[in-house]
file coords-v3.pdb (PDB, C-alpha atoms and all ligand atoms)
MODEL        1
ATOM      1  CA  MET A   1     -11.434 126.772 -13.488  1.00  0.00           C
ATOM      2  CA  PHE A   2     -10.763 124.500 -16.428  1.00  0.00           C
ATOM      3  CA  LEU A   3      -8.070 123.672 -18.912  1.00  0.00           C
ATOM      4  CA  LYS A   4      -8.787 125.710 -22.041  1.00  0.00           C
ATOM      5  CA  SER A   5      -5.917 124.597 -24.227  1.00  0.00           C
ATOM      6  CA  VAL A   6      -2.562 122.933 -24.422  1.00  0.00           C
ATOM      7  CA  GLU A   7       0.020 123.961 -26.975  1.00  0.00           C
ATOM      8  CA  ILE A   8       2.875 121.563 -27.605  1.00  0.00           C
ATOM      9  CA  MET A   9       6.028 122.137 -29.628  1.00  0.00           C
ATOM     10  CA  GLY A  10       9.062 119.894 -29.835  1.00  0.00           C
ATOM     11  CA  PHE A  11       7.744 117.693 -27.012  1.00  0.00           C
ATOM     12  CA  LYS A  12       8.003 113.920 -27.613  1.00  0.00           C
ATOM     13  CA  SER A  13       6.227 113.044 -30.896  1.00  0.00           C
ATOM     14  CA  PHE A  14       4.941 116.622 -31.422  1.00  0.00           C
ATOM     15  CA  ALA A  15       7.614 118.218 -33.588  1.00  0.00           C
ATOM     16  CA  ASP A  16       5.310 120.885 -35.010  1.00  0.00           C
ATOM     17  CA  ARG A  17       3.432 123.415 -32.917  1.00  0.00           C
ATOM     18  CA  THR A  18       0.149 121.674 -32.028  1.00  0.00           C
ATOM     19  CA  ARG A  19      -2.701 123.338 -30.199  1.00  0.00           C
ATOM     20  CA  ILE A  20      -5.491 121.325 -28.589  1.00  0.00           C
ATOM     21  CA  GLU A  21      -8.496 123.304 -27.377  1.00  0.00           C
ATOM     22  CA  PHE A  22     -10.870 121.953 -24.740  1.00  0.00           C
ATOM     23  CA  SER A  23     -14.349 123.194 -24.043  1.00  0.00           C
ATOM     24  CA  GLU A  24     -16.201 122.840 -20.736  1.00  0.00           C
ATOM     25  CA  GLY A  25     -17.470 119.330 -20.130  1.00  0.00           C
ATOM     26  CA  ILE A  26     -15.962 116.101 -21.347  1.00  0.00           C
ATOM     27  CA  SER A  27     -13.380 115.901 -24.138  1.00  0.00           C
ATOM     28  CA  ALA A  28     -11.919 112.677 -25.503  1.00  0.00           C
ATOM     29  CA  LEU A  29      -8.663 112.123 -27.378  1.00  0.00           C
ATOM     30  CA  LEU A  30      -9.031 109.320 -29.888  1.00  0.00           C
ATOM     31  CA  GLY A  31      -6.421 107.720 -32.105  1.00  0.00           C
ATOM     32  CA  PRO A  32      -4.627 104.514 -33.010  1.00  0.00           C
ATOM     33  CA  ASN A  33      -2.011 102.948 -30.723  1.00  0.00           C
ATOM     34  CA  GLY A  34       1.189 104.945 -30.582  1.00  0.00           C
ATOM     35  CA  CYS A  35      -0.231 108.092 -32.173  1.00  0.00           C
ATOM     36  CA  GLY A  36       0.635 110.225 -29.135  1.00  0.00           C
ATOM     37  CA  LYS A  37      -2.450 110.320 -26.877  1.00  0.00           C
ATOM     38  CA  SER A  38      -0.435 109.593 -23.743  1.00  0.00           C
ATOM     39  CA  ASN A  39       2.184 112.133 -24.860  1.00  0.00           C
ATOM     40  CA  VAL A  40      -0.518 114.818 -24.567  1.00  0.00           C
ATOM     41  CA  VAL A  41      -1.187 113.770 -20.951  1.00  0.00           C
ATOM     42  CA  ASP A  42       2.586 113.657 -20.334  1.00  0.00           C
ATOM     43  CA  SER A  43       2.879 117.194 -21.682  1.00  0.00           C
ATOM     44  CA  VAL A  44       0.272 118.437 -19.196  1.00  0.00           C
ATOM     45  CA  LYS A  45       2.030 116.734 -16.266  1.00  0.00           C
ATOM     46  CA  TRP A  46       5.380 118.072 -17.479  1.00  0.00           C
ATOM     47  CA  VAL A  47       4.342 121.719 -17.755  1.00  0.00           C
ATOM     48  CA  LEU A  48       2.921 121.471 -14.217  1.00  0.00           C
ATOM     49  CA  GLY A  49       6.426 120.738 -12.957  1.00  0.00           C
ATOM     50  CA  GLU A  50       6.825 116.964 -13.130  1.00  0.00           C
ATOM     51  CA  GLN A  51      10.444 116.151 -12.249  1.00  0.00           C
ATOM     52  CA  SER A  52      10.331 112.373 -12.357  1.00  0.00           C
ATOM     53  CA  THR A  53      11.690 110.936 -15.609  1.00  0.00           C
ATOM     54  CA  LYS A  54       9.919 107.658 -14.765  1.00  0.00           C
ATOM     55  CA  ASN A  55       6.572 109.439 -14.714  1.00  0.00           C
ATOM     56  CA  MET A  56       7.517 110.959 -18.073  1.00  0.00           C
ATOM     57  CA  ARG A  57       8.277 107.465 -19.414  1.00  0.00           C
ATOM     58  CA  ALA A  58      11.797 108.671 -20.191  1.00  0.00           C
ATOM     59  CA  GLU A  59      15.322 107.765 -19.078  1.00  0.00           C
ATOM     60  CA  LYS A  60      16.531 111.324 -18.771  1.00  0.00           C
ATOM     61  CA  MET A  61      14.561 114.559 -18.975  1.00  0.00           C
ATOM     62  CA  GLU A  62      16.106 115.531 -22.358  1.00  0.00           C
ATOM     63  CA  ASP A  63      14.328 112.480 -23.810  1.00  0.00           C
ATOM     64  CA  VAL A  64      11.088 114.469 -23.822  1.00  0.00           C
ATOM     65  CA  ILE A  65      12.518 116.685 -26.584  1.00  0.00           C
ATOM     66  CA  PHE A  66      11.527 115.508 -30.082  1.00  0.00           C
ATOM     67  CA  ASN A  67      14.380 113.189 -31.005  1.00  0.00           C
ATOM     68  CA  GLY A  68      13.839 112.998 -34.740  1.00  0.00           C
ATOM     69  CA  THR A  69      12.517 110.462 -37.181  1.00  0.00           C
ATOM     70  CA  GLU A  70      13.880 108.980 -40.400  1.00  0.00           C
ATOM     71  CA  THR A  71      12.704 112.027 -42.294  1.00  0.00           C
ATOM     72  CA  ARG A  72      13.046 114.751 -39.711  1.00  0.00           C
ATOM     73  CA  LYS A  73      15.910 116.145 -37.652  1.00  0.00           C
ATOM     74  CA  ALA A  74      15.786 116.133 -33.855  1.00  0.00           C
ATOM     75  CA  LEU A  75      14.892 119.443 -32.215  1.00  0.00           C
ATOM     76  CA  ASN A  76      16.799 121.272 -29.484  1.00  0.00           C
ATOM     77  CA  VAL A  77      13.941 122.586 -27.410  1.00  0.00           C
ATOM     78  CA  ALA A  78      10.630 121.320 -26.060  1.00  0.00           C
ATOM     79  CA  GLU A  79       7.932 123.777 -25.077  1.00  0.00           C
ATOM     80  CA  VAL A  80       4.466 123.227 -23.613  1.00  0.00           C
ATOM     81  CA  THR A  81       1.947 125.948 -22.753  1.00  0.00           C
ATOM     82  CA  LEU A  82      -1.268 125.437 -20.800  1.00  0.00           C
ATOM     83  CA  THR A  83      -4.018 128.007 -20.753  1.00  0.00           C
ATOM     84  CA  ILE A  84      -6.274 127.752 -17.714  1.00  0.00           C
ATOM     85  CA  ALA A  85      -9.540 129.677 -17.289  1.00  0.00           C
ATOM     86  CA  ASN A  86      -9.419 131.459 -13.946  1.00  0.00           C
ATOM     87  CA  GLU A  87     -12.645 133.488 -13.879  1.00  0.00           C
ATOM     88  CA  GLU A  88     -13.443 132.385 -10.300  1.00  0.00           C
ATOM     89  CA  GLY A  89      -9.932 133.380  -9.182  1.00  0.00           C
ATOM     90  CA  ILE A  90      -9.121 129.904  -7.839  1.00  0.00           C
ATOM     91  CA  LEU A  91      -5.538 130.503  -8.907  1.00  0.00           C
ATOM     92  CA  ASP A  92      -4.340 133.379  -6.778  1.00  0.00           C
ATOM     93  CA  LEU A  93      -3.712 135.762  -9.699  1.00  0.00           C
ATOM     94  CA  ASP A  94      -5.985 138.640 -10.595  1.00  0.00           C
ATOM     95  CA  VAL A  95      -6.508 137.596 -14.243  1.00  0.00           C
ATOM     96  CA  PRO A  96      -9.304 135.626 -15.949  1.00  0.00           C
ATOM     97  CA  GLU A  97      -6.844 133.435 -17.840  1.00  0.00           C
ATOM     98  CA  VAL A  98      -3.505 132.026 -16.731  1.00  0.00           C
ATOM     99  CA  SER A  99      -0.870 130.657 -19.069  1.00  0.00           C
ATOM    100  CA  ILE A 100       1.813 128.300 -17.804  1.00  0.00           C
ATOM    101  CA  LYS A 101       4.810 127.542 -19.977  1.00  0.00           C
ATOM    102  CA  ARG A 102       7.743 125.194 -19.510  1.00  0.00           C
ATOM    103  CA  ARG A 103      10.755 125.079 -21.814  1.00  0.00           C
ATOM    104  CA  LEU A 104      13.658 122.674 -21.842  1.00  0.00           C
ATOM    105  CA  PHE A 105      16.746 122.966 -24.021  1.00  0.00           C
ATOM    106  CA  ARG A 106      18.945 120.008 -24.931  1.00  0.00           C
ATOM    107  CA  ASN A 107      21.839 121.524 -22.962  1.00  0.00           C
ATOM    108  CA  GLY A 108      19.708 121.081 -19.816  1.00  0.00           C
ATOM    109  CA  GLU A 109      18.704 124.739 -19.455  1.00  0.00           C
ATOM    110  CA  SER A 110      15.059 125.072 -18.514  1.00  0.00           C
ATOM    111  CA  GLU A 111      12.508 127.674 -17.516  1.00  0.00           C
ATOM    112  CA  TYR A 112       8.947 128.110 -16.291  1.00  0.00           C
ATOM    113  CA  LEU A 113       6.821 131.130 -17.158  1.00  0.00           C
ATOM    114  CA  VAL A 114       3.487 132.172 -15.677  1.00  0.00           C
ATOM    115  CA  ASN A 115       1.744 134.706 -17.913  1.00  0.00           C
ATOM    116  CA  ASN A 116       5.093 135.177 -19.675  1.00  0.00           C
ATOM    117  CA  THR A 117       6.933 136.034 -16.463  1.00  0.00           C
ATOM    118  CA  PRO A 118       9.755 133.654 -15.465  1.00  0.00           C
ATOM    119  CA  VAL A 119       9.081 131.906 -12.153  1.00  0.00           C
ATOM    120  CA  LYS A 120      10.830 129.315 -10.021  1.00  0.00           C
ATOM    121  CA  LEU A 121       9.401 125.809  -9.836  1.00  0.00           C
ATOM    122  CA  LYS A 122       8.650 126.433  -6.143  1.00  0.00           C
ATOM    123  CA  GLU A 123       6.506 129.462  -7.055  1.00  0.00           C
ATOM    124  CA  LEU A 124       4.669 127.460  -9.706  1.00  0.00           C
ATOM    125  CA  ARG A 125       3.916 124.721  -7.167  1.00  0.00           C
ATOM    126  CA  GLU A 126       2.665 127.279  -4.661  1.00  0.00           C
ATOM    127  CA  LEU A 127       0.274 128.686  -7.253  1.00  0.00           C
ATOM    128  CA  PHE A 128      -1.392 125.278  -7.516  1.00  0.00           C
ATOM    129  CA  PHE A 129      -1.528 124.349  -3.827  1.00  0.00           C
ATOM    130  CA  ASP A 130      -5.039 123.335  -2.747  1.00  0.00           C
ATOM    131  CA  THR A 131      -6.443 123.499  -6.276  1.00  0.00           C
ATOM    132  CA  GLY A 132      -6.189 119.760  -6.984  1.00  0.00           C
ATOM    133  CA  ILE A 133      -3.745 120.519  -9.806  1.00  0.00           C
ATOM    134  CA  GLY A 134      -0.083 119.641  -9.690  1.00  0.00           C
ATOM    135  CA  LYS A 135       2.215 116.864  -8.714  1.00  0.00           C
ATOM    136  CA  SER A 136       0.548 114.167  -6.592  1.00  0.00           C
ATOM    137  CA  ALA A 137      -2.788 115.984  -6.744  1.00  0.00           C
ATOM    138  CA  TYR A 138      -5.915 114.365  -8.092  1.00  0.00           C
ATOM    139  CA  SER A 139      -6.571 116.293 -11.297  1.00  0.00           C
ATOM    140  CA  ILE A 140      -4.735 113.700 -13.411  1.00  0.00           C
ATOM    141  CA  MET A 141      -6.096 110.200 -12.854  1.00  0.00           C
ATOM    142  CA  GLU A 142      -4.104 107.866 -15.034  1.00  0.00           C
ATOM    143  CA  GLN A 143      -4.511 104.162 -15.609  1.00  0.00           C
ATOM    144  CA  GLY A 144      -3.990 102.351 -12.323  1.00  0.00           C
ATOM    145  CA  LYS A 145      -4.106 105.542 -10.227  1.00  0.00           C
ATOM    146  CA  ILE A 146      -7.384 104.602  -8.500  1.00  0.00           C
ATOM    147  CA  ASP A 147      -5.914 101.204  -7.533  1.00  0.00           C
ATOM    148  CA  GLN A 148      -2.811 102.954  -6.301  1.00  0.00           C
ATOM    149  CA  VAL A 149      -4.830 105.424  -4.218  1.00  0.00           C
ATOM    150  CA  LEU A 150      -6.868 102.606  -2.661  1.00  0.00           C
ATOM    151  CA  SER A 151      -3.807 100.544  -1.820  1.00  0.00           C
ATOM    152  CA  ASN A 152      -1.729 103.464  -0.518  1.00  0.00           C
ATOM    153  CA  LYS A 153      -0.880 103.750   3.147  1.00  0.00           C
ATOM    154  CA  PRO A 154      -3.495 105.835   5.026  1.00  0.00           C
ATOM    155  CA  GLU A 155      -0.938 108.647   5.556  1.00  0.00           C
ATOM    156  CA  GLU A 156      -0.313 108.837   1.805  1.00  0.00           C
ATOM    157  CA  ARG A 157      -4.023 108.752   1.052  1.00  0.00           C
ATOM    158  CA  ARG A 158      -4.557 111.577   3.517  1.00  0.00           C
ATOM    159  CA  TYR A 159      -2.599 113.856   1.157  1.00  0.00           C
ATOM    160  CA  LEU A 160      -5.504 113.805  -1.335  1.00  0.00           C
ATOM    161  CA  PHE A 161      -8.002 114.811   1.354  1.00  0.00           C
ATOM    162  CA  GLU A 162      -5.721 117.562   2.585  1.00  0.00           C
ATOM    163  CA  GLU A 163      -5.409 118.927  -0.951  1.00  0.00           C
ATOM    164  CA  ALA A 164      -9.204 118.835  -1.388  1.00  0.00           C
ATOM    165  CA  ALA A 165      -9.718 120.453   2.022  1.00  0.00           C
ATOM    166  CA  GLY A 166      -7.338 123.271   1.060  1.00  0.00           C
ATOM    167  CA  ILE A 167      -4.742 122.857   3.801  1.00  0.00           C
ATOM    168  CA  THR A 168      -1.700 121.789   1.738  1.00  0.00           C
ATOM    169  CA  LYS A 169      -0.488 125.385   1.567  1.00  0.00           C
ATOM    170  CA  PHE A 170      -0.515 125.734   5.367  1.00  0.00           C
ATOM    171  CA  LYS A 171       1.174 122.369   5.911  1.00  0.00           C
ATOM    172  CA  VAL A 172       3.972 123.295   3.494  1.00  0.00           C
ATOM    173  CA  ARG A 173       4.406 126.726   5.110  1.00  0.00           C
ATOM    174  CA  GLY A 174       4.360 125.075   8.556  1.00  0.00           C
ATOM    175  CA  GLY A 175       7.168 122.731   7.403  1.00  0.00           C
ATOM    176  CA  GLU A 176       9.189 125.680   6.110  1.00  0.00           C
ATOM    177  CA  ALA A 177       8.712 127.556   9.395  1.00  0.00           C
ATOM    178  CA  ASP A 178       9.868 124.462  11.365  1.00  0.00           C
ATOM    179  CA  ARG A 179      13.021 124.233   9.256  1.00  0.00           C
ATOM    180  CA  LYS A 180      13.723 127.954   9.756  1.00  0.00           C
ATOM    181  CA  LEU A 181      13.243 127.548  13.496  1.00  0.00           C
ATOM    182  CA  ALA A 182      15.654 124.602  13.576  1.00  0.00           C
ATOM    183  CA  ARG A 183      18.268 126.651  11.664  1.00  0.00           C
ATOM    184  CA  THR A 184      17.802 129.594  14.034  1.00  0.00           C
ATOM    185  CA  GLU A 185      18.217 127.302  17.047  1.00  0.00           C
ATOM    186  CA  GLU A 186      21.468 125.970  15.563  1.00  0.00           C
ATOM    187  CA  ASN A 187      22.672 129.547  15.054  1.00  0.00           C
ATOM    188  CA  MET A 188      21.782 130.386  18.659  1.00  0.00           C
ATOM    189  CA  VAL A 189      23.859 127.464  19.932  1.00  0.00           C
ATOM    190  CA  GLN A 190      26.794 128.656  17.813  1.00  0.00           C
ATOM    191  CA  VAL A 191      26.458 132.212  19.102  1.00  0.00           C
ATOM    192  CA  GLU A 192      26.336 130.942  22.693  1.00  0.00           C
ATOM    193  CA  ASN A 193      29.476 128.865  22.104  1.00  0.00           C
ATOM    194  CA  ILE A 194      31.308 131.890  20.697  1.00  0.00           C
ATOM    195  CA  LEU A 195      30.158 134.069  23.593  1.00  0.00           C
ATOM    196  CA  ARG A 196      31.382 131.454  26.074  1.00  0.00           C
ATOM    197  CA  GLU A 197      34.809 131.482  24.365  1.00  0.00           C
ATOM    198  CA  VAL A 198      35.225 135.255  24.407  1.00  0.00           C
ATOM    199  CA  ARG A 199      33.999 135.788  27.967  1.00  0.00           C
TER
HETATM  200  P1  LIG A 201      -1.161 103.738 -26.851  1.00  0.00           P
HETATM  201  O1  LIG A 201      -2.595 103.848 -27.210  1.00  0.00           O
HETATM  202  O2  LIG A 201      -0.469 102.552 -27.428  1.00  0.00           O
HETATM  203  O3  LIG A 201      -0.847 103.923 -25.389  1.00  0.00           O
HETATM  204  P2  LIG A 201      -0.516 106.496 -27.427  1.00  0.00           P
HETATM  205  O4  LIG A 201      -1.366 107.087 -28.496  1.00  0.00           O
HETATM  206  O5  LIG A 201      -0.819 106.865 -26.029  1.00  0.00           O
HETATM  207  O6  LIG A 201      -0.421 104.944 -27.610  1.00  0.00           O
HETATM  208  P3  LIG A 201       2.060 107.575 -26.928  1.00  0.00           P
HETATM  209  O7  LIG A 201       2.609 106.622 -25.908  1.00  0.00           O
HETATM  210  O8  LIG A 201       1.552 108.887 -26.466  1.00  0.00           O
HETATM  211  O9  LIG A 201       0.988 106.866 -27.802  1.00  0.00           O
HETATM  212  O10 LIG A 201       3.166 107.906 -28.048  1.00  0.00           O
HETATM  213  C1  LIG A 201       4.157 107.001 -28.375  1.00  0.00           C
HETATM  214  C2  LIG A 201       4.906 107.555 -29.563  1.00  0.00           C
HETATM  215  O11 LIG A 201       5.625 108.721 -29.193  1.00  0.00           O
HETATM  216  C3  LIG A 201       5.919 106.533 -30.049  1.00  0.00           C
HETATM  217  O12 LIG A 201       5.791 106.424 -31.452  1.00  0.00           O
HETATM  218  C4  LIG A 201       7.261 107.155 -29.688  1.00  0.00           C
HETATM  219  O13 LIG A 201       8.259 106.843 -30.644  1.00  0.00           O
HETATM  220  C5  LIG A 201       6.932 108.629 -29.748  1.00  0.00           C
HETATM  221  N1  LIG A 201       7.879 109.401 -28.954  1.00  0.00           N
HETATM  222  C6  LIG A 201       8.079 109.366 -27.612  1.00  0.00           C
HETATM  223  N2  LIG A 201       9.075 110.206 -27.257  1.00  0.00           N
HETATM  224  C7  LIG A 201       9.510 110.793 -28.396  1.00  0.00           C
HETATM  225  C8  LIG A 201      10.528 111.751 -28.698  1.00  0.00           C
HETATM  226  N3  LIG A 201      11.297 112.303 -27.752  1.00  0.00           N
HETATM  227  N4  LIG A 201      10.687 112.111 -29.992  1.00  0.00           N
HETATM  228  C9  LIG A 201       9.919 111.595 -30.968  1.00  0.00           C
HETATM  229  N5  LIG A 201       8.948 110.690 -30.753  1.00  0.00           N
HETATM  230  C10 LIG A 201       8.744 110.283 -29.492  1.00  0.00           C
ENDMDL
END
call {"tool": "encode", "arguments": {"input": "coords-v3.pdb", "output": "structure tokens"}}
result
Amino acid sequence: MFLKSVEIMGFKSFADRTRIEFSEGISALLGPNGCGKSNVVDSVKWVLGEQSTKNMRAEKMEDVIFNGTETRKALNVAEVTLTIANEEGILDLDVPEVSIKRRLFRNGESEYLVNNTPVKLKELRELFFDTGIGKSAYSIMEQGKIDQVLSNKPEERRYLFEEAAGITKFKVRGGEADRKLARTEENMVQVENILREVR
């Protein structure tokens, strides 16, 4: 599984549709300060569901939409599309190539699409569980991330090992099941109270 391409339009400094293709092995983005290298990395984090404006180096999420220059009007929508090779089927979809798209309009409306089908953020996250991709996973190692990992509390560091070991999915499902159980227990108590009143 590897990132084949990223297509950016209206995101941060990329007003025009820009497609960057990667081949297997190492690729490097080179350019002068401020030309938009980090914006490319931001776009990848964003399309994978990043919700933190701080991690996007923005004050509010709408700030990621191209906000114009002296010679060019601001745009109303940002769109990023990743194409991921999936020949080994690591992503649980029966297709050799998966495209992930995120769109955000200035009025706050937003959507995620996997292979052109709208999905919820939760579904997108589930697709990436245990693959090393996604929020807090280890596929994006930015400046300072290694230091941060080393200085994290052991419980926080354990998350990376759990992701690599492929058990994130089960932990998340376990958490969901616990919450369901707690809700059911609350309902049971309510039903018992009602029964006691009507008896
Ligand atoms: P450095 O090497 O200094 O870290 P860089 O190549 O990584 O630079 P970026 O931080 O990716 O550069 O890009 C910064 C540029 O992106 C700035 O010129 C900034 O004005 C521009 N920029 C950021 N957000 C937007 C936006 N919403 N609309 C237009 N331009 C934007």
call {"tool": "resolve_selection", "arguments": {"input": "coords-v3.pdb", "expression": "the PyMOL selection byres (((not hetatm)) within 12 of (chain A and resi 201))", "output": "short mmCIF file (atom, residue, chain, number, x, y, z; two decimals) with C-alpha atoms, in the frame of the given file"}}
result
data_model
loop_
_atom_site.label_atom_id
_atom_site.label_comp_id
_atom_site.auth_asym_id
_atom_site.auth_seq_id
_atom_site.Cartn_x
_atom_site.Cartn_y
_atom_site.Cartn_z
CA MET A 9 6.03 122.14 -29.63
CA GLY A 10 9.06 119.89 -29.84
CA PHE A 11 7.74 117.69 -27.01
CA LYS A 12 8.00 113.92 -27.61
CA SER A 13 6.23 113.04 -30.90
CA PHE A 14 4.94 116.62 -31.42
CA ALA A 15 7.61 118.22 -33.59
CA ASP A 16 5.31 120.88 -35.01
CA LEU A 29 -8.66 112.12 -27.38
CA LEU A 30 -9.03 109.32 -29.89
CA GLY A 31 -6.42 107.72 -32.10
CA PRO A 32 -4.63 104.51 -33.01
CA ASN A 33 -2.01 102.95 -30.72
CA GLY A 34 1.19 104.94 -30.58
CA CYS A 35 -0.23 108.09 -32.17
CA GLY A 36 0.64 110.22 -29.14
CA LYS A 37 -2.45 110.32 -26.88
CA SER A 38 -0.44 109.59 -23.74
CA ASN A 39 2.18 112.13 -24.86
CA VAL A 40 -0.52 114.82 -24.57
CA VAL A 41 -1.19 113.77 -20.95
CA ASP A 42 2.59 113.66 -20.33
CA SER A 43 2.88 117.19 -21.68
CA THR A 53 11.69 110.94 -15.61
CA MET A 56 7.52 110.96 -18.07
CA ARG A 57 8.28 107.46 -19.41
CA ALA A 58 11.80 108.67 -20.19
CA GLU A 59 15.32 107.76 -19.08
CA LYS A 60 16.53 111.32 -18.77
CA MET A 61 14.56 114.56 -18.98
CA GLU A 62 16.11 115.53 -22.36
CA ASP A 63 14.33 112.48 -23.81
CA VAL A 64 11.09 114.47 -23.82
CA ILE A 65 12.52 116.68 -26.58
CA PHE A 66 11.53 115.51 -30.08
CA ASN A 67 14.38 113.19 -31.00
CA GLY A 68 13.84 113.00 -34.74
CA THR A 69 12.52 110.46 -37.18
CA GLU A 70 13.88 108.98 -40.40
CA THR A 71 12.70 112.03 -42.29
CA ARG A 72 13.05 114.75 -39.71
CA LYS A 73 15.91 116.14 -37.65
CA ALA A 74 15.79 116.13 -33.85
CA LEU A 75 14.89 119.44 -32.22
CA ASN A 76 16.80 121.27 -29.48
CA VAL A 77 13.94 122.59 -27.41
CA ALA A 78 10.63 121.32 -26.06
CA ARG A 106 18.94 120.01 -24.93
CA GLU A 142 -4.10 107.87 -15.03
CA GLN A 143 -4.51 104.16 -15.61
#
call {"tool": "resolve_selection", "arguments": {"input": "coords-v3.pdb", "expression": "the PyMOL selection byres (((chain A and resi 22) around 10) and not hetatm)", "output": "list of chain:residue names"}}
result
A:Phe2, A:Leu3, A:Lys4, A:Ser5, A:Val6, A:Arg19, A:Ile20, A:Glu21, A:Ser23, A:Glu24, A:Gly25, A:Ile26, A:Ser27, A:Ala28, A:Thr83
call {"tool": "closest_residue", "arguments": {"input": "coords-v3.pdb", "among": "A:Ala177, A:Arg199, A:Ala137, A:Lys101", "to": "Arg158 (chain A)", "atoms": "all atoms listed in the file"}}
result
A:Ala137
call {"tool": "atom_distance", "arguments": {"input": "coords-v3.pdb", "atom1": "CA of Ile8 (chain A)", "atom2": "CA of Thr81 (chain A)"}}
result
6.6 Å
call {"tool": "resolve_selection", "arguments": {"input": "coords-v3.pdb", "expression": "the PyMOL selection byres (((chain A and resi 102) around 9) and not hetatm)", "output": "PDB file with C-alpha atoms, in the frame of the given file"}}
result
ATOM      1  CA  TRP A  46       5.380 118.072 -17.479  1.00  0.00           C
ATOM      2  CA  VAL A  47       4.342 121.719 -17.755  1.00  0.00           C
ATOM      3  CA  LEU A  48       2.921 121.471 -14.217  1.00  0.00           C
ATOM      4  CA  GLY A  49       6.426 120.738 -12.957  1.00  0.00           C
ATOM      5  CA  ALA A  78      10.630 121.320 -26.060  1.00  0.00           C
ATOM      6  CA  GLU A  79       7.932 123.777 -25.077  1.00  0.00           C
ATOM      7  CA  VAL A  80       4.466 123.227 -23.613  1.00  0.00           C
ATOM      8  CA  THR A  81       1.947 125.948 -22.753  1.00  0.00           C
ATOM      9  CA  ILE A 100       1.813 128.300 -17.804  1.00  0.00           C
ATOM     10  CA  LYS A 101       4.810 127.542 -19.977  1.00  0.00           C
ATOM     11  CA  ARG A 103      10.755 125.079 -21.814  1.00  0.00           C
ATOM     12  CA  LEU A 104      13.658 122.674 -21.842  1.00  0.00           C
ATOM     13  CA  SER A 110      15.059 125.072 -18.514  1.00  0.00           C
ATOM     14  CA  GLU A 111      12.508 127.674 -17.516  1.00  0.00           C
ATOM     15  CA  TYR A 112       8.947 128.110 -16.291  1.00  0.00           C
ATOM     16  CA  LEU A 113       6.821 131.130 -17.158  1.00  0.00           C
TER      17      LEU A 113
END
call {"tool": "atom_distance", "arguments": {"input": "coords-v3.pdb", "atom1": "CA of Ile90 (chain A)", "atom2": "CA of Leu127 (chain A)"}}
result
9.5 Å
call {"tool": "atom_distance", "arguments": {"input": "coords-v3.pdb", "atom1": "CA of Arg157 (chain A)", "atom2": "CA of Thr131 (chain A)"}}
result
16.6 Å
call {"tool": "closest_residue", "arguments": {"input": "coords-v3.pdb", "among": "A:Val44, A:Val189, A:Ile194, A:Val98", "to": "Ala85 (chain A)", "atoms": "all atoms listed in the file"}}
result
A:Val98
call {"tool": "closest_residue", "arguments": {"input": "coords-v3.pdb", "among": "A:Leu150, A:Leu93, A:Leu124, A:Ile133", "to": "Gly166 (chain A)", "atoms": "only C-alpha atoms"}}
result
A:Ile133
call {"tool": "closest_residue", "arguments": {"input": "coords-v3.pdb", "among": "A:Glu163, A:Lys120, A:Thr18, A:Phe128", "to": "Met1 (chain A)", "atoms": "all atoms listed in the file"}}
result
A:Phe128
call {"tool": "build_atoms", "arguments": {"input": "coords-v3.pdb", "residues": "region 188-199 of chain A", "atoms": "N, CA and C atoms", "output": "PDB file, keeping the file's coordinate frame"}}
result
ATOM      1  N   MET A 188      21.749 129.932  17.271  1.00  0.00           N
ATOM      2  CA  MET A 188      21.782 130.386  18.659  1.00  0.00           C
ATOM      3  C   MET A 188      22.848 129.613  19.441  1.00  0.00           C
ATOM      4  N   VAL A 189      22.879 128.293  19.218  1.00  0.00           N
ATOM      5  CA  VAL A 189      23.859 127.464  19.932  1.00  0.00           C
ATOM      6  C   VAL A 189      25.265 127.935  19.573  1.00  0.00           C
ATOM      7  N   GLN A 190      25.471 128.202  18.260  1.00  0.00           N
ATOM      8  CA  GLN A 190      26.794 128.656  17.813  1.00  0.00           C
ATOM      9  C   GLN A 190      27.166 129.981  18.466  1.00  0.00           C
ATOM     10  N   VAL A 191      26.194 130.891  18.496  1.00  0.00           N
ATOM     11  CA  VAL A 191      26.458 132.212  19.102  1.00  0.00           C
ATOM     12  C   VAL A 191      26.801 132.040  20.582  1.00  0.00           C
ATOM     13  N   GLU A 192      26.058 131.161  21.270  1.00  0.00           N
ATOM     14  CA  GLU A 192      26.336 130.942  22.693  1.00  0.00           C
ATOM     15  C   GLU A 192      27.729 130.377  22.907  1.00  0.00           C
ATOM     16  N   ASN A 193      28.130 129.446  22.000  1.00  0.00           N
ATOM     17  CA  ASN A 193      29.476 128.865  22.104  1.00  0.00           C
ATOM     18  C   ASN A 193      30.536 129.942  21.942  1.00  0.00           C
ATOM     19  N   ILE A 194      30.333 130.815  20.946  1.00  0.00           N
ATOM     20  CA  ILE A 194      31.308 131.890  20.697  1.00  0.00           C
ATOM     21  C   ILE A 194      31.378 132.821  21.898  1.00  0.00           C
ATOM     22  N   LEU A 195      30.194 133.162  22.443  1.00  0.00           N
ATOM     23  CA  LEU A 195      30.158 134.069  23.593  1.00  0.00           C
ATOM     24  C   LEU A 195      30.915 133.459  24.784  1.00  0.00           C
ATOM     25  N   ARG A 196      30.709 132.133  24.973  1.00  0.00           N
ATOM     26  CA  ARG A 196      31.382 131.454  26.074  1.00  0.00           C
ATOM     27  C   ARG A 196      32.901 131.534  25.890  1.00  0.00           C
ATOM     28  N   GLU A 197      33.356 131.418  24.617  1.00  0.00           N
ATOM     29  CA  GLU A 197      34.809 131.482  24.365  1.00  0.00           C
ATOM     30  C   GLU A 197      35.379 132.854  24.632  1.00  0.00           C
ATOM     31  N   VAL A 198      34.657 133.906  24.265  1.00  0.00           N
ATOM     32  CA  VAL A 198      35.225 135.255  24.407  1.00  0.00           C
ATOM     33  C   VAL A 198      35.058 135.838  25.807  1.00  0.00           C
ATOM     34  N   ARG A 199      34.202 135.229  26.619  1.00  0.00           N
ATOM     35  CA  ARG A 199      33.999 135.788  27.967  1.00  0.00           C
ATOM     36  C   ARG A 199      35.201 135.529  28.863  1.00  0.00           C
TER      37      ARG A 199
END
